[in-house]
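See below for entry_32.pdb, which holds PDB, C-alpha atoms and all ligand atoms.
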MODEL        1
ATOM      1  CA  MET A   1      83.056 117.602 110.700
ATOM      2  CA  ALA A   2      86.627 116.794 109.702
ATOM      3  CA  GLU A   3      88.887 118.996 107.623
ATOM      4  CA  ILE A   4      89.552 117.173 104.346
ATOM      5  CA  ILE A   5      93.249 116.900 103.505
ATOM      6  CA  ASP A   6      93.242 117.479  99.758
ATOM      7  CA  GLY A   7      96.173 115.394  98.508
ATOM      8  CA  LYS A   8      95.459 116.278  94.898
ATOM      9  CA  ALA A   9      95.778 120.033  95.488
ATOM     10  CA  LEU A  10      98.818 119.600  97.733
ATOM     11  CA  ALA A  11     100.530 117.380  95.151
ATOM     12  CA  ALA A  12      99.859 119.945  92.408
ATOM     13  CA  LYS A  13     101.439 122.659  94.579
ATOM     14  CA  PHE A  14     104.533 120.490  95.192
ATOM     15  CA  LYS A  15     104.815 119.707  91.484
ATOM     16  CA  TRP A  16     104.709 123.327  90.368
ATOM     17  CA  GLU A  17     107.170 124.417  93.053
ATOM     18  CA  LEU A  18     109.501 121.644  91.925
ATOM     19  CA  ALA A  19     109.074 122.662  88.266
ATOM     20  CA  GLY A  20     110.272 126.169  89.203
ATOM     21  CA  GLN A  21     113.310 124.812  91.071
ATOM     22  CA  ILE A  22     114.183 122.450  88.205
ATOM     23  CA  GLN A  23     113.982 125.264  85.681
ATOM     24  CA  GLU A  24     116.225 127.428  87.833
ATOM     25  CA  LEU A  25     118.866 124.746  88.427
ATOM     26  CA  SER A  26     118.909 123.136  84.979
ATOM     27  CA  GLY A  27     120.796 126.121  83.545
ATOM     28  CA  ARG A  28     123.433 125.874  86.251
ATOM     29  CA  PHE A  29     123.816 122.081  85.981
ATOM     30  CA  ASN A  30     123.409 122.139  82.203
ATOM     31  CA  SER A  31     121.152 119.073  82.516
ATOM     32  CA  ARG A  32     117.652 118.009  83.476
ATOM     33  CA  PRO A  33     116.638 115.391  86.007
ATOM     34  CA  GLY A  34     115.841 112.028  84.412
ATOM     35  CA  LEU A  35     113.628 109.205  85.677
ATOM     36  CA  ALA A  36     113.649 105.761  84.059
ATOM     37  CA  THR A  37     110.501 103.700  84.586
ATOM     38  CA  VAL A  38     110.604  99.951  84.073
ATOM     39  CA  LEU A  39     107.350  98.064  83.639
ATOM     40  CA  VAL A  40     107.315  94.331  82.934
ATOM     41  CA  GLY A  41     104.072  92.856  81.614
ATOM     42  CA  GLY A  42     100.618  94.311  81.195
ATOM     43  CA  ASN A  43      99.117  94.613  84.709
ATOM     44  CA  PRO A  44      96.328  97.154  84.009
ATOM     45  CA  GLY A  45      96.798  98.957  87.349
ATOM     46  CA  SER A  46     100.553  99.249  86.786
ATOM     47  CA  ILE A  47     100.037 100.626  83.258
ATOM     48  CA  VAL A  48      97.861 103.430  84.685
ATOM     49  CA  TYR A  49     100.335 104.140  87.535
ATOM     50  CA  ILE A  50     103.262 104.372  85.111
ATOM     51  CA  ARG A  51     101.308 106.604  82.731
ATOM     52  CA  ASN A  52     100.425 108.982  85.581
ATOM     53  CA  LYS A  53     104.016 109.039  86.824
ATOM     54  CA  ILE A  54     105.395 109.804  83.349
ATOM     55  CA  THR A  55     102.857 112.595  82.799
ATOM     56  CA  ALA A  56     103.718 114.146  86.172
ATOM     57  CA  CYS A  57     107.454 113.945  85.371
ATOM     58  CA  ARG A  58     107.014 115.762  82.091
ATOM     59  CA  GLU A  59     104.858 118.463  83.719
ATOM     60  CA  ALA A  60     107.581 119.096  86.290
ATOM     61  CA  GLY A  61     110.404 119.237  83.701
ATOM     62  CA  ILE A  62     111.816 115.786  84.496
ATOM     63  CA  GLU A  63     112.848 113.705  81.497
ATOM     64  CA  ALA A  64     111.041 110.347  81.545
ATOM     65  CA  PHE A  65     112.638 107.251  79.987
ATOM     66  CA  ASP A  66     109.844 104.723  79.628
ATOM     67  CA  HIS A  67     110.796 101.027  79.379
ATOM     68  CA  HIS A  68     107.894  98.628  78.886
ATOM     69  CA  LEU A  69     109.052  95.015  78.576
ATOM     70  CA  PRO A  70     106.955  91.930  77.727
ATOM     71  CA  ALA A  71     105.725  89.699  80.581
ATOM     72  CA  THR A  72     108.029  86.914  79.298
ATOM     73  CA  THR A  73     111.200  89.007  79.821
ATOM     74  CA  ALA A  74     114.045  86.859  81.186
ATOM     75  CA  GLU A  75     115.780  87.819  84.439
ATOM     76  CA  ALA A  76     119.116  88.347  82.643
ATOM     77  CA  GLU A  77     117.483  90.783  80.202
ATOM     78  CA  LEU A  78     115.960  92.828  83.038
ATOM     79  CA  PHE A  79     119.279  92.818  84.933
ATOM     80  CA  SER A  80     121.043  94.066  81.812
ATOM     81  CA  LEU A  81     118.547  96.942  81.422
ATOM     82  CA  ILE A  82     118.941  97.944  85.095
ATOM     83  CA  ASP A  83     122.710  97.799  84.692
ATOM     84  CA  SER A  84     122.658 100.089  81.634
ATOM     85  CA  LEU A  85     120.267 102.538  83.364
ATOM     86  CA  GLY A  86     122.588 102.542  86.372
ATOM     87  CA  LYS A  87     125.449 103.638  84.104
ATOM     88  CA  ASN A  88     123.430 106.179  82.090
ATOM     89  CA  PRO A  89     124.334 109.707  83.297
ATOM     90  CA  LYS A  90     121.001 111.079  82.016
ATOM     91  CA  VAL A  91     119.111 108.762  84.381
ATOM     92  CA  HIS A  92     119.083 109.960  87.998
ATOM     93  CA  GLY A  93     116.299 107.740  89.285
ATOM     94  CA  ILE A  94     115.172 104.205  88.406
ATOM     95  CA  LEU A  95     111.681 102.999  89.226
ATOM     96  CA  VAL A  96     110.867  99.314  88.774
ATOM     97  CA  GLN A  97     107.078  99.059  88.939
ATOM     98  CA  LEU A  98     105.886  96.298  91.265
ATOM     99  CA  PRO A  99     104.453  93.692  91.207
ATOM    100  CA  LEU A 100     106.686  91.867  88.742
ATOM    101  CA  PRO A 101     105.559  88.693  86.910
ATOM    102  CA  ASP A 102     105.983  85.560  89.094
ATOM    103  CA  HIS A 103     109.192  84.331  87.427
ATOM    104  CA  LEU A 104     111.048  87.551  88.396
ATOM    105  CA  SER A 105     112.218  88.254  91.947
ATOM    106  CA  ALA A 106     111.656  91.835  93.133
ATOM    107  CA  SER A 107     114.172  91.244  95.911
ATOM    108  CA  LYS A 108     116.928  90.238  93.427
ATOM    109  CA  ILE A 109     116.204  93.279  91.230
ATOM    110  CA  LEU A 110     116.387  95.597  94.243
ATOM    111  CA  ASP A 111     119.752  94.050  95.150
ATOM    112  CA  ILE A 112     121.314  95.288  91.906
ATOM    113  CA  LEU A 113     119.659  98.735  91.814
ATOM    114  CA  PRO A 114     122.264 101.418  92.605
ATOM    115  CA  GLN A 115     121.342 103.148  95.892
ATOM    116  CA  ALA A 116     122.089 106.579  94.404
ATOM    117  CA  LYS A 117     119.246 106.031  91.890
ATOM    118  CA  ASP A 118     116.836 104.226  94.256
ATOM    119  CA  ILE A 119     114.239 107.002  94.307
ATOM    120  CA  ASP A 120     111.561 104.596  95.610
ATOM    121  CA  GLY A 121     113.797 103.938  98.618
ATOM    122  CA  PHE A 122     113.320 100.156  98.562
ATOM    123  CA  THR A 123     116.895  98.807  98.340
ATOM    124  CA  LYS A 124     118.566  97.269 101.387
ATOM    125  CA  ALA A 125     121.381  99.836 101.122
ATOM    126  CA  ASN A 126     118.815 102.632 101.351
ATOM    127  CA  TRP A 127     116.998 100.860 104.195
ATOM    128  CA  GLY A 128     120.241 100.641 106.157
ATOM    129  CA  LYS A 129     120.557 104.414 106.023
ATOM    130  CA  LEU A 130     116.834 105.022 106.602
ATOM    131  CA  PHE A 131     116.551 102.825 109.677
ATOM    132  CA  HIS A 132     119.920 103.821 111.071
ATOM    133  CA  ALA A 133     118.828 107.471 111.300
ATOM    134  CA  LYS A 134     117.955 108.675 114.800
ATOM    135  CA  THR A 135     116.618 112.090 113.747
ATOM    136  CA  PRO A 136     114.941 113.461 110.578
ATOM    137  CA  ALA A 137     118.118 115.487 109.940
ATOM    138  CA  GLU A 138     120.033 112.229 109.445
ATOM    139  CA  LEU A 139     117.801 111.265 106.513
ATOM    140  CA  THR A 140     119.496 113.562 103.999
ATOM    141  CA  ASP A 141     121.726 110.759 102.736
ATOM    142  CA  CYS A 142     118.886 108.372 101.834
ATOM    143  CA  PHE A 143     115.584 108.356  99.967
ATOM    144  CA  ILE A 144     112.452 108.251 102.102
ATOM    145  CA  PRO A 145     109.964 105.858 100.444
ATOM    146  CA  CYS A 146     107.422 107.953  98.519
ATOM    147  CA  THR A 147     104.169 106.878 100.212
ATOM    148  CA  PRO A 148     105.227 107.505 103.840
ATOM    149  CA  LEU A 149     107.017 110.695 102.761
ATOM    150  CA  GLY A 150     103.768 111.904 101.173
ATOM    151  CA  VAL A 151     101.875 111.097 104.380
ATOM    152  CA  LEU A 152     104.349 113.162 106.435
ATOM    153  CA  LYS A 153     103.813 116.126 104.083
ATOM    154  CA  MET A 154     100.031 115.721 104.412
ATOM    155  CA  LEU A 155     100.257 115.779 108.218
ATOM    156  CA  GLU A 156     102.429 118.885 107.988
ATOM    157  CA  SER A 157      99.936 120.580 105.659
ATOM    158  CA  ALA A 158      97.162 119.893 108.189
ATOM    159  CA  GLY A 159      99.273 121.487 110.935
ATOM    160  CA  ILE A 160      99.800 118.157 112.737
ATOM    161  CA  ASN A 161     103.150 117.826 114.482
ATOM    162  CA  PRO A 162     103.638 114.133 115.434
ATOM    163  CA  GLU A 163     105.800 115.041 118.444
ATOM    164  CA  GLY A 164     104.211 113.818 121.669
ATOM    165  CA  LYS A 165     101.248 112.249 119.857
ATOM    166  CA  LEU A 166     100.127 108.627 119.943
ATOM    167  CA  ALA A 167     100.251 107.330 116.380
ATOM    168  CA  CYS A 168      98.808 104.052 115.147
ATOM    169  CA  VAL A 169     100.013 102.645 111.826
ATOM    170  CA  VAL A 170      97.761  99.844 110.606
ATOM    171  CA  GLY A 171      99.683  97.528 108.231
ATOM    172  CA  ARG A 172     103.363  96.503 108.451
ATOM    173  CA  SER A 173     104.426  96.242 104.799
ATOM    174  CA  ASN A 174     107.931  97.193 103.667
ATOM    175  CA  ILE A 175     106.471  99.740 101.241
ATOM    176  CA  VAL A 176     104.226 101.627 103.658
ATOM    177  CA  GLY A 177     103.687 100.490 107.256
ATOM    178  CA  LYS A 178     107.225  99.728 108.424
ATOM    179  CA  PRO A 179     108.926 102.909 107.111
ATOM    180  CA  MET A 180     105.857 104.957 108.139
ATOM    181  CA  ALA A 181     106.123 103.808 111.761
ATOM    182  CA  HIS A 182     109.867 104.508 111.794
ATOM    183  CA  LEU A 183     109.417 108.014 110.340
ATOM    184  CA  LEU A 184     106.693 108.929 112.849
ATOM    185  CA  MET A 185     108.993 107.717 115.611
ATOM    186  CA  LEU A 186     111.817 109.906 114.235
ATOM    187  CA  HIS A 187     109.362 112.807 114.500
ATOM    188  CA  ASN A 188     108.907 111.923 118.192
ATOM    189  CA  ALA A 189     105.489 110.294 118.031
ATOM    190  CA  THR A 190     104.847 107.246 120.220
ATOM    191  CA  VAL A 191     103.998 104.626 117.640
ATOM    192  CA  THR A 192     101.985 101.408 117.634
ATOM    193  CA  LEU A 193     102.300  99.241 114.517
ATOM    194  CA  CYS A 194      99.293  96.951 113.997
ATOM    195  CA  HIS A 195      98.849  94.009 111.643
ATOM    196  CA  SER A 196      96.585  91.067 110.982
ATOM    197  CA  LYS A 197      97.609  89.311 114.228
ATOM    198  CA  THR A 198      97.007  92.324 116.497
ATOM    199  CA  PRO A 199      94.353  91.422 119.100
ATOM    200  CA  ASN A 200      91.627  93.977 119.901
ATOM    201  CA  ILE A 201      92.784  96.156 117.025
ATOM    202  CA  ALA A 202      89.813  98.531 117.336
ATOM    203  CA  ASP A 203      90.833  99.357 120.929
ATOM    204  CA  VAL A 204      94.415 100.011 119.836
ATOM    205  CA  ILE A 205      93.387 102.295 116.954
ATOM    206  CA  ARG A 206      90.927 104.149 119.223
ATOM    207  CA  GLN A 207      93.757 105.401 121.443
ATOM    208  CA  ALA A 208      95.615 107.135 118.622
ATOM    209  CA  ASP A 209      95.827 110.853 117.862
ATOM    210  CA  ILE A 210      97.153 109.970 114.395
ATOM    211  CA  VAL A 211      95.887 106.946 112.444
ATOM    212  CA  ILE A 212      97.588 105.790 109.237
ATOM    213  CA  ALA A 213      95.603 103.002 107.562
ATOM    214  CA  ALA A 214      97.502 100.857 105.025
ATOM    215  CA  ILE A 215      96.081  97.344 104.903
ATOM    216  CA  GLY A 216      94.238  96.959 101.620
ATOM    217  CA  LYS A 217      90.837  96.163 103.190
ATOM    218  CA  PRO A 218      88.030  98.449 102.012
ATOM    219  CA  ARG A 219      86.433 100.614 104.756
ATOM    220  CA  PHE A 220      88.054  98.542 107.533
ATOM    221  CA  VAL A 221      88.520 101.481 109.947
ATOM    222  CA  LYS A 222      85.079 102.519 111.171
ATOM    223  CA  GLU A 223      83.870 105.622 112.983
ATOM    224  CA  SER A 224      83.602 103.616 116.223
ATOM    225  CA  MET A 225      87.339 102.698 116.054
ATOM    226  CA  VAL A 226      88.542 106.307 115.909
ATOM    227  CA  LYS A 227      89.139 108.733 118.762
ATOM    228  CA  GLU A 228      87.275 112.049 118.642
ATOM    229  CA  GLY A 229      89.574 114.648 117.052
ATOM    230  CA  ALA A 230      92.087 112.185 115.577
ATOM    231  CA  CYS A 231      93.888 112.843 112.296
ATOM    232  CA  VAL A 232      93.285 109.974 109.872
ATOM    233  CA  ILE A 233      95.338 109.361 106.743
ATOM    234  CA  ASP A 234      93.978 106.672 104.455
ATOM    235  CA  VAL A 235      96.639 105.004 102.298
ATOM    236  CA  GLY A 236      94.452 102.132 101.077
ATOM    237  CA  VAL A 237      93.309 101.862  97.480
ATOM    238  CA  ASN A 238      90.703  99.145  96.939
ATOM    239  CA  ARG A 239      88.662  98.466  93.816
ATOM    240  CA  LEU A 240      85.049  97.629  94.743
ATOM    241  CA  ALA A 241      82.749  95.262  92.818
ATOM    242  CA  ASP A 242      81.005  98.270  91.204
ATOM    243  CA  GLY A 243      84.359  99.500  89.857
ATOM    244  CA  LYS A 244      84.635 102.424  92.294
ATOM    245  CA  LEU A 245      87.653 103.033  94.526
ATOM    246  CA  ALA A 246      87.496 102.910  98.320
ATOM    247  CA  GLY A 247      90.126 103.466 100.970
ATOM    248  CA  ASP A 248      90.842 101.415 104.084
ATOM    249  CA  CYS A 249      88.669 103.791 106.147
ATOM    250  CA  ASP A 250      84.923 104.269 106.093
ATOM    251  CA  PHE A 251      85.286 107.896 105.006
ATOM    252  CA  GLU A 252      81.625 108.879 105.467
ATOM    253  CA  GLY A 253      81.551 107.599 109.061
ATOM    254  CA  VAL A 254      85.085 108.508 110.185
ATOM    255  CA  LYS A 255      84.825 112.109 108.966
ATOM    256  CA  ASN A 256      82.147 112.748 111.632
ATOM    257  CA  LYS A 257      84.628 111.999 114.380
ATOM    258  CA  ALA A 258      88.094 112.890 113.050
ATOM    259  CA  ALA A 259      89.579 116.387 113.093
ATOM    260  CA  CYS A 260      91.069 115.762 109.668
ATOM    261  CA  ILE A 261      90.977 112.958 107.129
ATOM    262  CA  SER A 262      92.367 112.253 103.671
ATOM    263  CA  PRO A 263      89.977 110.999 100.958
ATOM    264  CA  VAL A 264      90.383 108.124  98.487
ATOM    265  CA  PRO A 265      90.815 108.914  95.662
ATOM    266  CA  GLY A 266      92.479 112.326  95.849
ATOM    267  CA  GLY A 267      94.524 111.774  99.010
ATOM    268  CA  VAL A 268      97.748 109.807  99.379
ATOM    269  CA  GLY A 269      97.842 108.617  95.720
ATOM    270  CA  PRO A 270      98.688 111.976  94.093
ATOM    271  CA  MET A 271     101.118 112.777  96.922
ATOM    272  CA  ASN A 272     102.929 109.506  96.258
ATOM    273  CA  ILE A 273     103.633 110.649  92.694
ATOM    274  CA  ALA A 274     104.662 114.143  93.842
ATOM    275  CA  MET A 275     107.177 112.566  96.244
ATOM    276  CA  LEU A 276     108.571 110.410  93.439
ATOM    277  CA  LEU A 277     109.315 113.651  91.571
ATOM    278  CA  ALA A 278     110.838 115.147  94.719
ATOM    279  CA  ASN A 279     113.114 112.115  95.212
ATOM    280  CA  THR A 280     114.198 112.224  91.548
ATOM    281  CA  PHE A 281     115.006 115.909  92.013
ATOM    282  CA  LYS A 282     117.030 115.033  95.126
ATOM    283  CA  ALA A 283     118.965 112.335  93.219
ATOM    284  CA  TRP A 284     119.689 114.789  90.392
ATOM    285  CA  GLN A 285     120.935 117.475  92.773
ATOM    286  CA  LYS A 286     123.218 114.996  94.561
ATOM    287  CA  MET A 287     124.709 113.761  91.282
ATOM    288  CA  GLU A 288     125.090 117.121  89.553
ATOM    289  CA  ALA A 289     125.931 119.541  92.352
TER     290      ALA A 289
HETATM  291  N1  LIG B 301      97.939 105.527  97.589
HETATM  292  C1  LIG B 301      99.119 105.034  97.301
HETATM  293  O1  LIG B 301      99.937 105.658  96.656
HETATM  294  C2  LIG B 301      99.465 103.682  97.818
HETATM  295  C3  LIG B 301     100.787 103.239  97.859
HETATM  296  C4  LIG B 301     101.061 101.973  98.386
HETATM  297  C5  LIG B 301     100.007 101.175  98.823
HETATM  298  N2  LIG B 301      98.733 101.625  98.719
HETATM  299  C6  LIG B 301      97.595 100.839  99.190
HETATM  300  O2  LIG B 301      97.731 100.665 100.588
HETATM  301  C7  LIG B 301      97.196  99.418 100.985
HETATM  302  C8  LIG B 301      98.285  98.627 101.693
HETATM  303  O3  LIG B 301      99.323  98.399 100.785
HETATM  304  P1  LIG B 301     100.602  97.542 101.171
HETATM  305  O4  LIG B 301     101.445  97.404  99.960
HETATM  306  O5  LIG B 301     101.186  98.110 102.411
HETATM  307  O6  LIG B 301      99.874  96.129 101.493
HETATM  308  P2  LIG B 301     100.430  94.701 101.895
HETATM  309  O7  LIG B 301     101.849  94.532 101.531
HETATM  310  O8  LIG B 301      99.413  93.735 101.402
HETATM  311  O9  LIG B 301     100.353  94.733 103.486
HETATM  312  C9  LIG B 301      99.124  94.798 104.144
HETATM  313  C10 LIG B 301      99.361  94.904 105.622
HETATM  314  O10 LIG B 301      98.089  95.024 106.240
HETATM  315  C11 LIG B 301      97.951  94.057 107.258
HETATM  316  N3  LIG B 301      96.561  93.604 107.324
HETATM  317  C12 LIG B 301      95.855  92.960 106.376
HETATM  318  N4  LIG B 301      94.607  92.691 106.825
HETATM  319  C13 LIG B 301      94.540  93.193 108.074
HETATM  320  C14 LIG B 301      93.535  93.244 109.056
HETATM  321  N5  LIG B 301      92.315  92.721 108.846
HETATM  322  N6  LIG B 301      93.811  93.835 110.242
HETATM  323  C15 LIG B 301      95.037  94.365 110.470
HETATM  324  N7  LIG B 301      96.035  94.354 109.580
HETATM  325  C16 LIG B 301      95.787  93.764 108.401
HETATM  326  C17 LIG B 301      98.873  92.918 106.886
HETATM  327  O11 LIG B 301      99.213  92.246 108.060
HETATM  328  P3  LIG B 301     100.212  90.954 108.081
HETATM  329  O12 LIG B 301     101.578  91.513 107.910
HETATM  330  O13 LIG B 301      99.976  90.358 109.420
HETATM  331  O14 LIG B 301      99.786  90.078 106.944
HETATM  332  C18 LIG B 301     100.029  93.672 106.236
HETATM  333  O15 LIG B 301     100.971  94.076 107.210
HETATM  334  C19 LIG B 301      96.686  98.767  99.702
HETATM  335  O16 LIG B 301      95.315  99.087  99.554
HETATM  336  C20 LIG B 301      97.488  99.457  98.611
HETATM  337  O17 LIG B 301      96.822  99.472  97.371
HETATM  338  C21 LIG B 301      98.444 102.857  98.237
ENDMDL
END
Reformat the file's structure so that it appears as C-alpha cells.
Ligand SMILES: NC(=O)c1ccc[n+]([C@@H]2O[C@H](COP(=O)([O-])OP(=O)(O)OC[C@H]3O[C@@H](n4cnc5c(N)ncnc54)[C@H](OP(=O)(O)O)[C@@H]3O)[C@@H](O)[C@H]2O)c1
Amino acid sequence: MAEIIDGKALAAKFKWELAGQIQELSGRFNSRPGLATVLVGGNPGSIVYIRNKITACREAGIEAFDHHLPATTAEAELFSLIDSLGKNPKVHGILVQLPLPDHLSASKILDILPQAKDIDGFTKANWGKLFHAKTPAELTDCFIPCTPLGVLKMLESAGINPEGKLACVVGRSNIVGKPMAHLLMLHNATVTLCHSKTPNIADVIRQADIVIAAIGKPRFVKESMVKEGACVIDVGVNRLADGKLAGDCDFEGVKNKAACISPVPGGVGPMNIAMLLANTFKAWQKMEA
C-alpha cells in the first residue's frame, strides 16, 4: 500500500516556518511582505481560491491587498491597477487570478506585469530565465511557478530524488506540465511529456518511476497504467456530478500499486498556496535586502 503524501500537513509546516522567517526579517527590513491579489468577475472557484490565498497570507504574516473588480472591468482600468501595484513599494508580489472574463487577454496582462513581482512565474520575462537555466542553482533569479514548485517539494518530502529516474508528466499546459517537465529535467530525471495526442499513453505512463498527472480528466490514470513502486503526484482537481472533488488519478486503485501517492483534495492544492507565500517572501527579500 502506498505512502500518502500529505500536502496539507506539508503546506502547514512550510507556512509556519515561513511565518517565523518573516517575523525575524521584518524587524531588520522594517517592512512586511505584501501580496496584491486581483480578481475580475465572480467565478465561484476563483473566489474560493483567492479567499484561501488571502487567509494563508495573513497567517504567515504577509500583508494581503485584495482587489476584486467587476466582470465588466475595461482593459485600460485593469492595466492601470497593475501599473499602480507595480509602483507600490508595499506590494512585492502581484497575482492576477485566472481565468479572466473573455474580453480581457491574460497574455496582454502578463506582458505588463513587472517580472520582479511575478510571484506566479507566468510572465515571458520570467519564463526566459526559467527555461534558460541549466541547473537548479541557476533558478535563483526567477520565480518557479507555484504548482510545479509544490510538486518538487512533495517529491523531496517523500524522499524521491528525480536524478536518474524516468518521469512522465501528463499534460503540457504552461501553468503545470511544461514547467514541471523542465524542472524534473533540471533535477536530472529523464522526462516524457504526454498530451492528448500521445499514442499508447498507458504504455508510456507505465514505464515511469515518477508520474505527474495534470490533465483535468477525473480518475484518468488507472492502476493498470502505473508501474509497481512508482511515485504518483496528482495535480488534477475535478468537480464530479455529486459535487465531490476527484483528481486525475484513480486514487483507490493506484494506491495499491504505487510506492507513494498524493491525494485530492489535500495534496498539491495546499502546497500550491504555500509556494505562493514562499515566492512572495522571495520577492520581498530581493527587494528589501
Ligand atoms: N492543485 C492545484 O493547485 C492545481 C493547479 C493548477 C491546475 N490544477 C488542475 O490540474 C489539471 C490540469 O490543469 P491545467 O491548467 O494544466 O490544464 P489545461 O491547461 O487544460 O491542460 C490540460 C493538458 O492535459 C492534456 N490532456 C487533456 N486530456 C488528455 C488526455 N485524455 N490524455 C492526455 N492528455 C490530455 C492536454 O493536452 P493538449 O495540450 O493536447 O490539449 C493539455 O496539455 C486541472 O484539473 C486543474 O484544475 C490544479
- Check which residues fall inside 9 Å of ligand LIG 301 (chain B) when counting all atoms listed in the file, and print them as a PyMOL selection string. chain A and resi 146-148+150+170-178+194-198+201+213-218+220+234-239+246-248+264-273
- Can you pull out every residue within 7 Å of segment 85-95 of chain A, counting all atoms listed in the file, but drop anything in the same chain fewer than 4 positions away, and send it as a PyMOL selection string? chain A and resi 33-38+81+114+117-120+280+283-284
Who sits within 12 Å of Ser107 of chain A, all atoms listed in the file, same chain under 3 positions skipped, as a CSV table (one decimal) with C-alpha atoms, in the frame of the given file:
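Saved file part-v7.csv follows:
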chain,number,residue,atom,x,y,z
A,96,VAL,CA,110.9,99.3,88.8
A,98,LEU,CA,105.9,96.3,91.3
A,99,PRO,CA,104.5,93.7,91.2
A,100,LEU,CA,106.7,91.9,88.7
A,104,LEU,CA,111.0,87.6,88.4
A,110,LEU,CA,116.4,95.6,94.2
A,111,ASP,CA,119.8,94.0,95.2
A,112,ILE,CA,121.3,95.3,91.9
A,113,LEU,CA,119.7,98.7,91.8
A,122,PHE,CA,113.3,100.2,98.6
A,123,THR,CA,116.9,98.8,98.3
A,124,LYS,CA,118.6,97.3,101.4
A,174,ASN,CA,107.9,97.2,103.7
- Task: Counting only C-alpha atoms, write as a ChimeraX atom specification all protein and nucleic acid residues lying at most 7 Å from (118.6, 109.4, 101.9) in the file's frame.
- Result: /A:126,129-130,139-144
- Run the PyMOL selection byres (((chain A and resi 58-62) around 10) and not hetatm) on the file and write out the hits as a ChimeraX atom specification. /A:12,14-23,26,32-35,53-57,63-65,92,274,277-278,280-281,284
- Item | Residue nearest Ser46 of chain A - candidates A:Lys13, A:Arg28, A:His68, A:Lys257, atoms counted: all atoms listed in the file |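 Selected residue with least distance to Ser46 of chain A: A:His68.
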For segment 229-233 of chain A, please output as a short mmCIF file (atom, residue, chain, number, x, y, z; two decimals) with C-alpha atoms, in the frame of the given file all residues within 8 Å (counting all atoms listed in the file; exclusion window: fewer than 6 positions along the same chain).
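So the final result, stored in part_27.cif, reads:
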data_model
loop_
_atom_site.label_atom_id
_atom_site.label_comp_id
_atom_site.auth_asym_id
_atom_site.auth_seq_id
_atom_site.Cartn_x
_atom_site.Cartn_y
_atom_site.Cartn_z
CA VAL A 151 101.88 111.10 104.38
CA ILE A 160 99.80 118.16 112.74
CA ALA A 208 95.62 107.14 118.62
CA ASP A 209 95.83 110.85 117.86
CA ILE A 210 97.15 109.97 114.40
CA VAL A 211 95.89 106.95 112.44
CA ILE A 212 97.59 105.79 109.24
CA ALA A 213 95.60 103.00 107.56
CA LYS A 257 84.63 112.00 114.38
CA ALA A 258 88.09 112.89 113.05
CA ALA A 259 89.58 116.39 113.09
CA CYS A 260 91.07 115.76 109.67
CA ILE A 261 90.98 112.96 107.13
CA SER A 262 92.37 112.25 103.67
CA VAL A 268 97.75 109.81 99.38
#
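Each of A:Asn30, A:Ser84, A:Gln97, A:Ser224 was checked against Gly42 of chain A using all atoms listed in the file; the smallest atom-to-atom distance is that of A:Gln97.
You will find atom CA of Met185 of chain A at 9.7 Å from atom CA of Pro136 of chain A.
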- Could you check which of A:Gln207, A:Glu138, A:Leu155, A:Val221 is closest to Leu186 of chain A, using all atoms listed in the file?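 Ranking A:Gln207, A:Glu138, A:Leu155, A:Val221 by distance to Leu186 of chain A, first place goes to A:Glu138.
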Hey, can I get the axis-aligned box for segment 95-104 of chain A? All listed atoms, 6 Å padding on each side, centre and edge lengths in Å to one decimal, as AutoDock Vina command-line options.
--center_x 108.1 --center_y 93.7 --center_z 89.1 --size_x 19.2 --size_y 30.7 --size_z 16.4
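In terms of minimum interatomic distance to Glu3 of chain A, A:Val254 ranks closest within A:Val254, A:Val226, A:Leu152, A:Ala116, counting only C-alpha atoms.
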